[in-house]
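Step one of this worksheet: look at the structure below.
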Amino acid sequence: MADLVAWVVELDDEHHEVVFERSEARARVRGARKEGASARDVKARREPRLDAHTPGPVPAQALLDIGWHFECARCYHYVDGDGCQRCADNAEEEAGHEVEWVPPVTRGQDVWCSEACHSADARERAARQLITSAARAEVHQVLPGAQVETVFVNDGTAVVWLRVPGCRGTVRYHWPAGTFRVQLRDHATLLAALRRPALETWESEGGAVHD
Ligand SMILES: [Zn+2]
Ligand SMILES: [Zn+2]
């Protein structure tokens with residue numbers, strides 16, 4: 001049986017995938033499957049320069065080296081092996097004179113415009129992670145029975161989408177404001193859910209409340 005070799009499957013003008021297969025027909029089937037397309041609707045061509053990366057995945061740098069381009073994982077700029085035109089233009093405008101292009105940065109399959117873009121992305125991800133954890137912890141404290149569906153972080157704030165037992169709709173919790181958004185029909189259920197932990201504490205302490 002023939003060995004696996006590299007094929008580039010052209011899913012459309014912009015979207016190409018590398019697959020490792022034994023034949024052109026198999027390459028088209030596998031490439032098309034990734035996009036839910038039909039094998040008849042895609043083209044595949046041999047790419048011997050990527051055979052060394054069998055069985056994949058191919059590091060982004062190897063693809064930049066043979067002329068591919070990517071979107072930056074942070075700012076979606078168009079990045080090729082030389083770097084990012086938009087970042088170079090911006091730097092030039094700021095400096096008021098021509099500046100040298102900075103090389104792109106890759107990690108595995110991911111590409112960034114530059115080292116500056118890559119480290120900014122890492123900082124922003126870490127900050128979003130902190131906010132997500134803080135918002136989740138707060139929800140867990142006020143509504144221990146709720147299930148977090150998703151957390152959207154934007155500009156230092158978070159919206160936590162929740163499933164609250166008894167509520168028919170999704171409940172949204174805004175952090176750090178501490179406010180809830182709930183459908184009218186679920187309003188009473190949510191209020192009851194919010195009171196329950198306090199009541200349990202009171203009962204477990206023997207029901208004695210002073211003042
Ligand atoms: Zn850029
Ligand atoms: Zn970028």
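By order in the structure tokens, chains are A, B, ...; within a chain, residues start at 1; ligands start at 1, following the order shown.
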Let me have all residues with an atom within 7 Å of ligand 2, counting only C-alpha atoms and all ligand atoms, laid out as a VMD selection string.
chain A and resid 72 to 77 112 to 114 117
List the neighbours of Asp41 in chain A out to 10 Å using only C-alpha atoms; skip same-chain residues closer than 3 positions along the sequence, and give me the result as a JSON list (two decimals) with N, CA, C and O atoms, in the first residue's frame.
[["chain", "number", "residue", "atom", "x", "y", "z"],
["A", 10, "GLU", "N", -8.50, 22.18, -1.65],
["A", 10, "GLU", "CA", -9.02, 23.55, -1.82],
["A", 10, "GLU", "C", -10.52, 23.51, -1.59],
["A", 10, "GLU", "O", -11.29, 23.11, -2.45],
["A", 11, "LEU", "N", -10.92, 23.93, -0.38],
["A", 11, "LEU", "CA", -12.34, 23.90, -0.02],
["A", 11, "LEU", "C", -13.08, 25.06, -0.68],
["A", 11, "LEU", "O", -14.22, 24.94, -1.09],
["A", 12, "ASP", "N", -12.40, 26.22, -0.73],
["A", 12, "ASP", "CA", -12.86, 27.33, -1.57],
["A", 12, "ASP", "C", -11.62, 28.18, -1.85],
["A", 12, "ASP", "O", -10.52, 27.79, -1.50],
["A", 28, "ARG", "N", -9.52, 14.10, -1.15],
["A", 28, "ARG", "CA", -10.71, 14.94, -1.35],
["A", 28, "ARG", "C", -11.81, 14.57, -0.35],
["A", 28, "ARG", "O", -12.47, 15.43, 0.20],
["A", 29, "VAL", "N", -11.98, 13.27, -0.13],
["A", 29, "VAL", "CA", -13.01, 12.81, 0.81],
["A", 29, "VAL", "C", -12.71, 13.35, 2.21],
["A", 29, "VAL", "O", -13.57, 13.93, 2.87],
["A", 32, "ALA", "N", -13.00, 17.26, 2.38],
["A", 32, "ALA", "CA", -14.39, 17.71, 2.28],
["A", 32, "ALA", "C", -15.14, 17.45, 3.58],
["A", 32, "ALA", "O", -15.94, 18.26, 4.03],
["A", 37, "ALA", "N", -18.55, 19.29, 3.26],
["A", 37, "ALA", "CA", -18.77, 19.47, 1.82],
["A", 37, "ALA", "C", -18.76, 18.10, 1.14],
["A", 37, "ALA", "O", -18.51, 17.08, 1.78],
["A", 38, "SER", "N", -19.04, 18.10, -0.15],
["A", 38, "SER", "CA", -19.00, 16.86, -0.91],
["A", 38, "SER", "C", -17.61, 16.74, -1.57],
["A", 38, "SER", "O", -17.05, 17.73, -2.04]]
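Note that the spacing between CA of Gln183 in chain A and CA of Asp155 in chain A amounts to 25.4 Å.
The closest residue to ligand 1, picked from A:Phe70, A:Trp161, A:Phe152, A:Tyr173 and counting only C-alpha atoms and all ligand atoms, is A:Phe70.
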Applying 9 Å and only C-alpha atoms, which residues near Glu17 in chain A remain after dropping the ones on its own chain fewer than 2 positions away? List them as number ranges by chain.
A: 7-11, 15, 19, 31, 34
Would you compute the distance between CA of Ala137 in chain A and CA of Cys167 in chain A? Give it in Å to one decimal.
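The value is 20.6 Å.
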Write out as a ChimeraX atom specification which residues come within 7 Å of range 78-89 of chain A when counting only C-alpha atoms, dropping same-chain ones fewer than 6 positions away.
/A:64-65,67-72,101-104,113
For the selection you just gave me, I'd like the residues written to a file as an mmCIF file, in the first residue's frame, keeping N, CA and C atoms.
data_model
loop_
_atom_site.group_PDB
_atom_site.id
_atom_site.type_symbol
_atom_site.label_atom_id
_atom_site.label_comp_id
_atom_site.auth_asym_id
_atom_site.auth_seq_id
_atom_site.Cartn_x
_atom_site.Cartn_y
_atom_site.Cartn_z
ATOM 1 N N LEU A 64 3.723 29.025 6.424
ATOM 2 C CA LEU A 64 4.192 30.377 6.093
ATOM 3 C C LEU A 64 5.398 30.270 5.159
ATOM 4 N N ASP A 65 6.268 29.302 5.443
ATOM 5 C CA ASP A 65 7.497 29.140 4.671
ATOM 6 C C ASP A 65 7.236 28.811 3.203
ATOM 7 N N GLY A 67 4.575 30.000 1.589
ATOM 8 C CA GLY A 67 3.763 31.051 0.974
ATOM 9 C C GLY A 67 2.313 31.125 1.411
ATOM 10 N N TRP A 68 1.928 30.340 2.417
ATOM 11 C CA TRP A 68 0.546 30.442 2.903
ATOM 12 C C TRP A 68 0.394 31.702 3.745
ATOM 13 N N HIS A 69 -0.842 32.117 3.944
ATOM 14 C CA HIS A 69 -1.093 33.211 4.872
ATOM 15 C C HIS A 69 -2.175 32.781 5.853
ATOM 16 N N PHE A 70 -2.230 33.518 6.982
ATOM 17 C CA PHE A 70 -3.169 33.191 8.057
ATOM 18 C C PHE A 70 -3.829 34.460 8.562
ATOM 19 N N GLU A 71 -4.809 34.275 9.460
ATOM 20 C CA GLU A 71 -5.328 35.406 10.226
ATOM 21 C C GLU A 71 -4.658 35.385 11.586
ATOM 22 N N CYS A 72 -4.287 36.565 12.079
ATOM 23 C CA CYS A 72 -3.702 36.657 13.409
ATOM 24 C C CYS A 72 -4.737 36.161 14.425
ATOM 25 N N TRP A 101 9.460 45.756 8.700
ATOM 26 C CA TRP A 101 8.434 44.795 9.092
ATOM 27 C C TRP A 101 8.989 43.907 10.194
ATOM 28 N N VAL A 102 8.135 43.559 11.161
ATOM 29 C CA VAL A 102 8.570 42.607 12.187
ATOM 30 C C VAL A 102 8.053 41.220 11.807
ATOM 31 N N PRO A 103 8.832 40.196 12.150
ATOM 32 C CA PRO A 103 8.420 38.848 11.731
ATOM 33 C C PRO A 103 7.189 38.359 12.480
ATOM 34 N N PRO A 104 6.398 37.503 11.843
ATOM 35 C CA PRO A 104 5.241 36.921 12.535
ATOM 36 C C PRO A 104 5.710 35.924 13.585
ATOM 37 N N CYS A 113 0.585 38.477 14.416
ATOM 38 C CA CYS A 113 1.265 39.486 13.613
ATOM 39 C C CYS A 113 2.732 39.651 14.008
#
Run DSSP on the backbone and give me the residues of range 36-203 of chain A it puts in strand (DSSP E or B), as JSON, numbers by chain.
{"A": [43, 44, 45, 46, 70, 71, 78, 79, 80, 83, 84, 105, 106, 107, 110, 111, 112, 147, 148, 149, 150, 151, 152, 153, 154, 157, 158, 159, 160, 161, 162, 163, 171, 172, 173, 174, 175, 179, 180, 181]}
Create the file for the chosen residues now, containing N, CA, C and O atoms and written as a compact mmCIF listing (two decimals), in the first residue's frame.
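This is the output file selection-v2.txt:
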# COMPACT_ATOMS: atom_id res chain seq x y z
N LYS A 43 -11.15 20.37 -4.73
CA LYS A 43 -9.98 19.94 -5.50
C LYS A 43 -8.86 19.59 -4.55
O LYS A 43 -8.76 20.16 -3.46
N ALA A 44 -8.01 18.64 -4.95
CA ALA A 44 -6.84 18.32 -4.14
C ALA A 44 -5.61 18.29 -5.04
O ALA A 44 -5.68 17.82 -6.18
N ARG A 45 -4.53 18.87 -4.53
CA ARG A 45 -3.26 18.79 -5.29
C ARG A 45 -2.15 18.33 -4.36
O ARG A 45 -2.18 18.59 -3.16
N ARG A 46 -1.18 17.64 -4.93
CA ARG A 46 -0.05 17.15 -4.15
C ARG A 46 0.80 18.32 -3.67
O ARG A 46 0.96 19.33 -4.37
N PHE A 70 -2.23 33.52 6.98
CA PHE A 70 -3.17 33.19 8.06
C PHE A 70 -3.83 34.46 8.56
O PHE A 70 -3.42 35.56 8.21
N GLU A 71 -4.81 34.28 9.46
CA GLU A 71 -5.33 35.41 10.23
C GLU A 71 -4.66 35.39 11.59
O GLU A 71 -4.49 34.32 12.18
N TYR A 78 -4.30 39.97 8.29
CA TYR A 78 -3.74 39.04 7.31
C TYR A 78 -2.22 38.97 7.54
O TYR A 78 -1.54 39.98 7.49
N VAL A 79 -1.75 37.77 7.85
CA VAL A 79 -0.32 37.60 8.17
C VAL A 79 0.30 36.60 7.20
O VAL A 79 -0.23 35.50 7.02
N ASP A 80 1.39 37.00 6.54
CA ASP A 80 2.13 36.01 5.74
C ASP A 80 3.54 35.89 6.30
O ASP A 80 3.86 36.44 7.35
N GLY A 83 5.23 38.97 7.58
CA GLY A 83 4.65 39.67 8.72
C GLY A 83 3.28 40.20 8.38
O GLY A 83 2.55 39.59 7.59
N CYS A 84 2.92 41.34 8.99
CA CYS A 84 1.57 41.88 8.85
C CYS A 84 1.62 43.27 8.23
O CYS A 84 2.21 44.19 8.80
N VAL A 105 4.81 35.58 14.50
CA VAL A 105 5.11 34.60 15.55
C VAL A 105 4.16 33.43 15.40
O VAL A 105 2.96 33.63 15.15
N THR A 106 4.68 32.22 15.53
CA THR A 106 3.80 31.05 15.48
C THR A 106 4.01 30.18 16.71
O THR A 106 5.09 30.14 17.28
N ARG A 107 2.94 29.52 17.13
CA ARG A 107 3.00 28.48 18.16
C ARG A 107 2.11 27.36 17.65
O ARG A 107 0.88 27.53 17.62
N ASP A 110 -1.06 28.14 15.52
CA ASP A 110 -1.51 29.52 15.66
C ASP A 110 -0.47 30.52 15.19
O ASP A 110 0.73 30.30 15.31
N VAL A 111 -0.97 31.65 14.66
CA VAL A 111 -0.10 32.69 14.10
C VAL A 111 -0.52 34.04 14.67
O VAL A 111 -1.71 34.30 14.84
N TRP A 112 0.45 34.88 14.97
CA TRP A 112 0.20 36.26 15.37
C TRP A 112 1.02 37.21 14.50
O TRP A 112 2.07 36.81 13.96
N GLN A 147 -26.36 26.27 37.24
CA GLN A 147 -25.34 25.73 36.35
C GLN A 147 -24.91 26.79 35.37
O GLN A 147 -25.75 27.39 34.69
N VAL A 148 -23.60 27.01 35.30
CA VAL A 148 -23.09 28.02 34.37
C VAL A 148 -23.07 27.43 32.96
O VAL A 148 -22.49 26.37 32.73
N GLU A 149 -23.73 28.13 32.02
CA GLU A 149 -23.71 27.67 30.63
C GLU A 149 -22.54 28.28 29.87
O GLU A 149 -21.78 27.58 29.22
N THR A 150 -22.44 29.60 29.93
CA THR A 150 -21.33 30.29 29.25
C THR A 150 -21.02 31.57 30.00
O THR A 150 -21.88 32.10 30.71
N VAL A 151 -19.81 32.04 29.82
CA VAL A 151 -19.41 33.33 30.38
C VAL A 151 -18.89 34.18 29.23
O VAL A 151 -17.98 33.77 28.52
N PHE A 152 -19.49 35.35 29.04
CA PHE A 152 -18.99 36.30 28.04
C PHE A 152 -18.24 37.41 28.76
O PHE A 152 -18.81 38.04 29.66
N VAL A 153 -17.01 37.62 28.36
CA VAL A 153 -16.22 38.67 28.99
C VAL A 153 -16.02 39.79 27.97
O VAL A 153 -15.70 39.55 26.82
N ASN A 154 -16.28 41.02 28.42
CA ASN A 154 -16.11 42.16 27.53
C ASN A 154 -15.70 43.37 28.33
O ASN A 154 -16.41 43.78 29.24
N THR A 157 -15.84 43.40 32.15
CA THR A 157 -17.06 42.93 32.80
C THR A 157 -17.43 41.55 32.22
O THR A 157 -16.92 41.16 31.18
N ALA A 158 -18.31 40.86 32.92
CA ALA A 158 -18.72 39.54 32.43
C ALA A 158 -20.23 39.40 32.52
O ALA A 158 -20.88 39.99 33.38
N VAL A 159 -20.77 38.62 31.59
CA VAL A 159 -22.17 38.20 31.68
C VAL A 159 -22.16 36.68 31.76
O VAL A 159 -21.60 36.01 30.89
N VAL A 160 -22.73 36.15 32.84
CA VAL A 160 -22.76 34.70 33.04
C VAL A 160 -24.16 34.20 32.70
O VAL A 160 -25.15 34.68 33.26
N TRP A 161 -24.25 33.26 31.76
CA TRP A 161 -25.53 32.66 31.40
C TRP A 161 -25.73 31.43 32.27
O TRP A 161 -24.86 30.56 32.32
N LEU A 162 -26.88 31.38 32.93
CA LEU A 162 -27.12 30.35 33.93
C LEU A 162 -28.39 29.55 33.67
O LEU A 162 -29.36 30.07 33.13
N ARG A 163 -28.34 28.31 34.12
CA ARG A 163 -29.55 27.49 34.24
C ARG A 163 -29.85 27.42 35.73
O ARG A 163 -29.04 26.91 36.50
N VAL A 171 -31.03 32.50 32.83
CA VAL A 171 -30.86 33.64 33.72
C VAL A 171 -29.48 34.23 33.45
O VAL A 171 -28.52 33.50 33.28
N ARG A 172 -29.40 35.55 33.38
CA ARG A 172 -28.10 36.19 33.14
C ARG A 172 -27.65 36.96 34.37
O ARG A 172 -28.43 37.70 34.96
N TYR A 173 -26.41 36.76 34.73
CA TYR A 173 -25.85 37.46 35.89
C TYR A 173 -24.75 38.40 35.39
O TYR A 173 -23.84 37.98 34.67
N HIS A 174 -24.84 39.67 35.78
CA HIS A 174 -23.86 40.65 35.32
C HIS A 174 -22.82 40.90 36.40
O HIS A 174 -23.16 41.23 37.53
N TRP A 175 -21.57 40.69 36.05
CA TRP A 175 -20.45 40.87 36.97
C TRP A 175 -19.61 42.05 36.48
O TRP A 175 -19.38 42.15 35.29
N THR A 179 -26.02 42.16 39.23
CA THR A 179 -27.45 42.20 38.91
C THR A 179 -27.84 40.99 38.06
O THR A 179 -27.02 40.44 37.34
N PHE A 180 -29.10 40.61 38.16
CA PHE A 180 -29.63 39.49 37.37
C PHE A 180 -30.58 40.00 36.30
O PHE A 180 -31.27 41.00 36.49
N ARG A 181 -30.60 39.30 35.16
CA ARG A 181 -31.63 39.51 34.15
C ARG A 181 -32.37 38.20 34.03
O ARG A 181 -31.76 37.16 33.83
Minimum-distance residue to ligand 1, chosen among A:Ala116, A:Gly145, A:Arg195, A:Ala134 (using only C-alpha atoms and all ligand atoms):
A:Ala116
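Considering the residues A:Ala95, A:Ala25, A:Val5, A:Val18 and counting only C-alpha atoms, Val58 in chain A has its shortest atom-to-atom contact with A:Val18.
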Considering only C-alpha atoms, return as an mmCIF file with all heavy atoms, in the first residue's frame whatever protein or nucleic-acid residues lie within 12 Å of Gly108 in chain A, sequence-local ones (same chain, fewer than 6 positions apart) excluded.
data_model
loop_
_atom_site.group_PDB
_atom_site.id
_atom_site.type_symbol
_atom_site.label_atom_id
_atom_site.label_comp_id
_atom_site.auth_asym_id
_atom_site.auth_seq_id
_atom_site.Cartn_x
_atom_site.Cartn_y
_atom_site.Cartn_z
ATOM 1 N N GLY A 56 0.846 14.833 10.136
ATOM 2 C CA GLY A 56 0.235 16.097 10.527
ATOM 3 C C GLY A 56 0.035 16.165 12.026
ATOM 4 O O GLY A 56 0.313 15.187 12.715
ATOM 5 N N PRO A 57 -0.421 17.262 12.597
ATOM 6 C CA PRO A 57 -0.709 18.508 11.865
ATOM 7 C C PRO A 57 0.565 19.239 11.453
ATOM 8 O O PRO A 57 1.626 19.014 12.032
ATOM 9 C CB PRO A 57 -1.490 19.331 12.909
ATOM 10 C CG PRO A 57 -1.011 18.834 14.231
ATOM 11 C CD PRO A 57 -0.684 17.382 14.039
ATOM 12 N N VAL A 58 0.437 20.091 10.463
ATOM 13 C CA VAL A 58 1.577 20.850 9.957
ATOM 14 C C VAL A 58 1.700 22.128 10.778
ATOM 15 O O VAL A 58 0.735 22.868 10.917
ATOM 16 C CB VAL A 58 1.362 21.219 8.474
ATOM 17 C CG1 VAL A 58 2.571 21.972 7.935
ATOM 18 C CG2 VAL A 58 1.089 19.975 7.642
ATOM 19 N N PRO A 59 2.900 22.398 11.325
ATOM 20 C CA PRO A 59 3.047 23.659 12.063
ATOM 21 C C PRO A 59 2.836 24.859 11.140
ATOM 22 O O PRO A 59 3.201 24.817 9.960
ATOM 23 C CB PRO A 59 4.481 23.621 12.592
ATOM 24 C CG PRO A 59 5.120 22.411 12.036
ATOM 25 C CD PRO A 59 4.115 21.599 11.298
ATOM 26 N N ALA A 60 2.241 25.901 11.703
ATOM 27 C CA ALA A 60 1.933 27.090 10.895
ATOM 28 C C ALA A 60 3.188 27.643 10.226
ATOM 29 O O ALA A 60 3.130 28.117 9.081
ATOM 30 C CB ALA A 60 1.282 28.151 11.778
ATOM 31 N N GLN A 61 4.326 27.568 10.929
ATOM 32 C CA GLN A 61 5.543 28.130 10.355
ATOM 33 C C GLN A 61 5.900 27.461 9.026
ATOM 34 O O GLN A 61 6.328 28.126 8.076
ATOM 35 C CB GLN A 61 6.711 27.991 11.347
ATOM 36 C CG GLN A 61 7.983 28.726 10.922
ATOM 37 C CD GLN A 61 7.756 30.227 10.738
ATOM 38 O OE1 GLN A 61 7.261 30.896 11.639
ATOM 39 N NE2 GLN A 61 8.093 30.745 9.556
ATOM 40 N N ALA A 62 5.699 26.132 8.949
ATOM 41 C CA ALA A 62 6.015 25.400 7.719
ATOM 42 C C ALA A 62 5.134 25.881 6.568
ATOM 43 O O ALA A 62 5.561 25.909 5.410
ATOM 44 C CB ALA A 62 5.829 23.909 7.939
ATOM 45 N N LEU A 63 3.905 26.283 6.879
ATOM 46 C CA LEU A 63 2.983 26.764 5.845
ATOM 47 C C LEU A 63 3.342 28.190 5.436
ATOM 48 O O LEU A 63 3.293 28.539 4.255
ATOM 49 C CB LEU A 63 1.539 26.672 6.348
ATOM 50 C CG LEU A 63 1.063 25.231 6.584
ATOM 51 C CD1 LEU A 63 -0.262 25.220 7.326
ATOM 52 C CD2 LEU A 63 0.936 24.475 5.267
ATOM 53 N N ALA A 73 -4.272 35.352 15.401
ATOM 54 C CA ALA A 73 -5.180 34.774 16.400
ATOM 55 C C ALA A 73 -5.754 35.846 17.320
ATOM 56 O O ALA A 73 -6.745 35.629 17.999
ATOM 57 C CB ALA A 73 -4.445 33.717 17.226
#
